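One structure is given here, and the rest of the page talks about it.
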Amino acid sequence: MRLRSERFETEILDPRREFAVTRTAVEVRWDPLTERTARLLPEGSVPPPVRHDFAALAESTRPGCPFCMDAIERETPRFPPAVSPAGRIRRGEAVLFPNLVGYAQWSSVSVYSPALHLLPLDEITPTLLADNLAAQVEFLQSVDERWPAVNANHLPPAGSSIFHPHLQGTASPLPTNAQRLLAELPPATVREYIALERDGDRHIGAGARVEWLASYAPAGVGEVRAFGPAVSAAELDVELLGELASGIVAVLRAYAELGFESFNFALTGPPLILRLVARAYFAPTGRSDVMWSERLHDEAATDLVPERLAALVRGRYV
C-alpha cells in the first residue's frame with residue numbers, strides 16, 4: 001500500500017498582481033482504502049465559513065419545534081412495544097424515538113436533550129454525546145437488522161430539516177453504498193492503512209481501542225476517520241462509547257475553531273469506522289462547501305489540508 005498523489009501546475013496572468021505570470025497548483029490524492037480521489041487546493045482558495053447569530057436563529061426556530069421540552073411527548077412518534085416497551089428510549093438527557101421519515105427498515109431520531117434547542121459545536125460534551133450514542137445502540141440492538149448505522153446531520157447545512165440538534169439511527173437488511181464498500185475491505189488492508197499513517201502528520205491519536213486519523217484524501221471538508229474493533233454500531237460497549245464520544249468532541253472543537261458550526265458523521269461496521277466532515281453555514285451571498293465536484297464528480301475539493309487539520313485536532317485529543 002502506498003500514499004499516491006499527483007500535483008499539477010499551470011500559469012495565469014493574475015489581475016491581483018498587475019497581470020504578472022503566476023503559477024497555481026492542485027494536488028490530487030487517492031484514498032488508500034477506496035481509491036476515491038480528492039483535490040487539495042492552495043490554502044485560501046475557498047472563502048472561510050460564514051458565522052451566524054445562533055441565538056437569533058434558535059429563537060426563531062424554537063416555536064413549534066417538536067423536539068423541545070413542551071412538545072416532545074406530544075409531537076414525536078413512539079415505537080411498538082416489541083421494540084421499546086416505553087415507546088421511547090432514554091439515556092441521561094437523550095430521548096430517542098422513531099423517525100417520521102423512514103430512511104431504512106428502521107429509522108430513529110435521538111435528541112441530545114429536549115432542553116438543548118441551541119447546542120454549538122464547542123458546547124457538545126462527551127457525556128451528552130455518549131448518552132445519545134448509547135440510546136442509539138439500544139435502539140439498534142432492539143431492531144436487530146444486519147446493517148446498523150448511527151448518523152449525524154447537525155443543523156441545516158448538514159441536511160437537518162429541524163434545527164434542534166439530534167442524531168439519526170438506521171437499521172436495514174440492505175447496506176448503503178458506503179456500508180457495502182467498507183464492509184468489503186479486507187481486515188489486513190485496514191490494518192495496513194492504519195499502520196501506514198500511524199507515525200505520520202495525519203495521525204491524531206489512539207485510545208485503548210480506537211485510532212483517529214485525518215483522511216489523506218478527504219471525502220469532504222475536514223474529514224476525520226476513527227477505526228475501532230471488528231464490531232457493528234449495535235455492539236458498542238460503555239468503553240467504546242466513551243472513547244468515541246471523547247474523540248468526536250475533540251474534532252468538533254477543532255471544527256468550531258476553524259469557523260464551522262455544522263457537521264455530518266456516520267458510524268458503521270464491522271469493522272467499526274466513524275467518518276466526520278465539517279459543513280459550512282452559508283449566507284445568501286456566501287458559498288456552500290458542496291459544488292459540482294462533490295455532487296456530480298464524486299470528488300471533494302478543499303483547501304483545508306489534512307495535515308493542518310490533524311495538528312489542530314491532536315491538540316484537543318486526550
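In the C-alpha cells, chains take letters A, B, ... by order of appearance, with residues numbered from 1 within each chain and ligands from 1 in the order shown.
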Could you please write out, as a ChimeraX atom specification, every residue of region 43-272 of chain A that DSSP assigns to alpha helix (DSSP H)?
-> /A:54-61,72-75,126-143,177-183,187-197,238-257
Within 7 Å of region 217-231 of chain A, counting only C-alpha atoms, which residues show up once you throw out same-chain ones fewer than 2 positions away? Write them as a VMD selection string, please.
-> chain A and resid 29 to 31 37 to 38 209 to 215 233 235 269 to 278 299 to 300 302 304 306 309
Hey, can you check how far CA of Pro85 (chain A) sits from CA of His154 (chain A)?
-> 28.7 Å
Could you please determine the separation between CA of Leu118 (chain A) and CA of Gln136 (chain A) in Å, to one decimal place?
-> 20.9 Å
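Taking only C-alpha atoms, the non-local environment of region 186-197 of chain A within 7 Å (same-chain residues fewer than 5 positions away omitted) comprises Pro32, Arg202 and His203 of chain A.
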Output file for the selection above: C-alpha atoms, as a PDB file, in the first residue's frame:
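Result file follows (again.pdb):
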ATOM      1  CA  PRO A  32      -5.688   4.109   0.057  1.00  0.00           C
ATOM      2  CA  ARG A 202      -2.229  12.925   9.699  1.00  0.00           C
ATOM      3  CA  HIS A 203      -2.275  10.706  12.802  1.00  0.00           C
TER       4      HIS A 203
END
Tell me, as an MDAnalysis selection string, which residues lie within 8 Å of Ala135 (chain A), counting only C-alpha atoms; anything in the same chain fewer than 4 positions away does not count.
-> chainID A and resid 89:91 94:96 110 131 139
DSSP says strand (DSSP E or B) for which residues of region 128-298 of chain A? Put them as an NGL selection string?
-> :A and (147-154 or 166-172 or 203-206 or 211-214 or 224-227 or 262-268 or 273-279)
Residue neighbourhood Val46 (chain A), 12 Å, only C-alpha atoms, exclusion window fewer than 5 positions, as an NGL selection string = :A and (40-41 or 221 or 280 or 286-291 or 301-304)
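Using only C-alpha atoms, the smallest distance between any of A:Ala234, A:Ala104, A:Val143, A:Leu241 and Pro80 (chain A) comes from A:Val143.
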Shortest interatomic distance to Thr176 (chain A) - which of A:Thr10, A:Thr268, A:Gln141, A:Ser293, counting only C-alpha atoms | A:Thr268
Selection near region 248-265 of chain A, 9 Å with only C-alpha atoms, sequence-local residues under 3 positions removed, as an NGL selection string | :A and (48-52 or 120-126 or 129 or 150-159 or 222 or 224 or 243-245 or 274-281 or 309 or 312-318)
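The protein and nucleic acid residues lying at most 9 Å from Gln105 (chain A) are Glu145, Thr170, Ala171, Ser172, Pro173 and Leu174 of chain A, with only C-alpha atoms considered and sequence neighbours fewer than 4 positions away removed.
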Those residues you just picked out, can you put them in a file as a short mmCIF file (atom, residue, chain, number, x, y, z; two decimals), in the first residue's frame with C-alpha atoms?
data_model
loop_
_atom_site.label_atom_id
_atom_site.label_comp_id
_atom_site.auth_asym_id
_atom_site.auth_seq_id
_atom_site.Cartn_x
_atom_site.Cartn_y
_atom_site.Cartn_z
CA GLU A 145 -31.01 -5.71 11.46
CA THR A 170 -30.75 3.45 10.61
CA ALA A 171 -31.05 -0.33 10.54
CA SER A 172 -31.73 -2.18 7.32
CA PRO A 173 -31.42 -5.61 5.66
CA LEU A 174 -29.61 -3.82 2.79
#
Give me, please, the distance in Å between CA of Glu27 (chain A) and CA of Glu6 (chain A), quoted to one decimal.
-> 5.7 Å
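When only C-alpha atoms are used to compute distances to Pro63 (chain A), the closest of the residues A:Pro98, A:Phe79, A:Phe163, A:Gly44 turns out to be A:Phe163.
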Could you tell me which of A:Ala71, A:Pro148, A:Leu128, A:Thr22 comes closest to Leu236 (chain A) if we count only C-alpha atoms?
-> A:Pro148
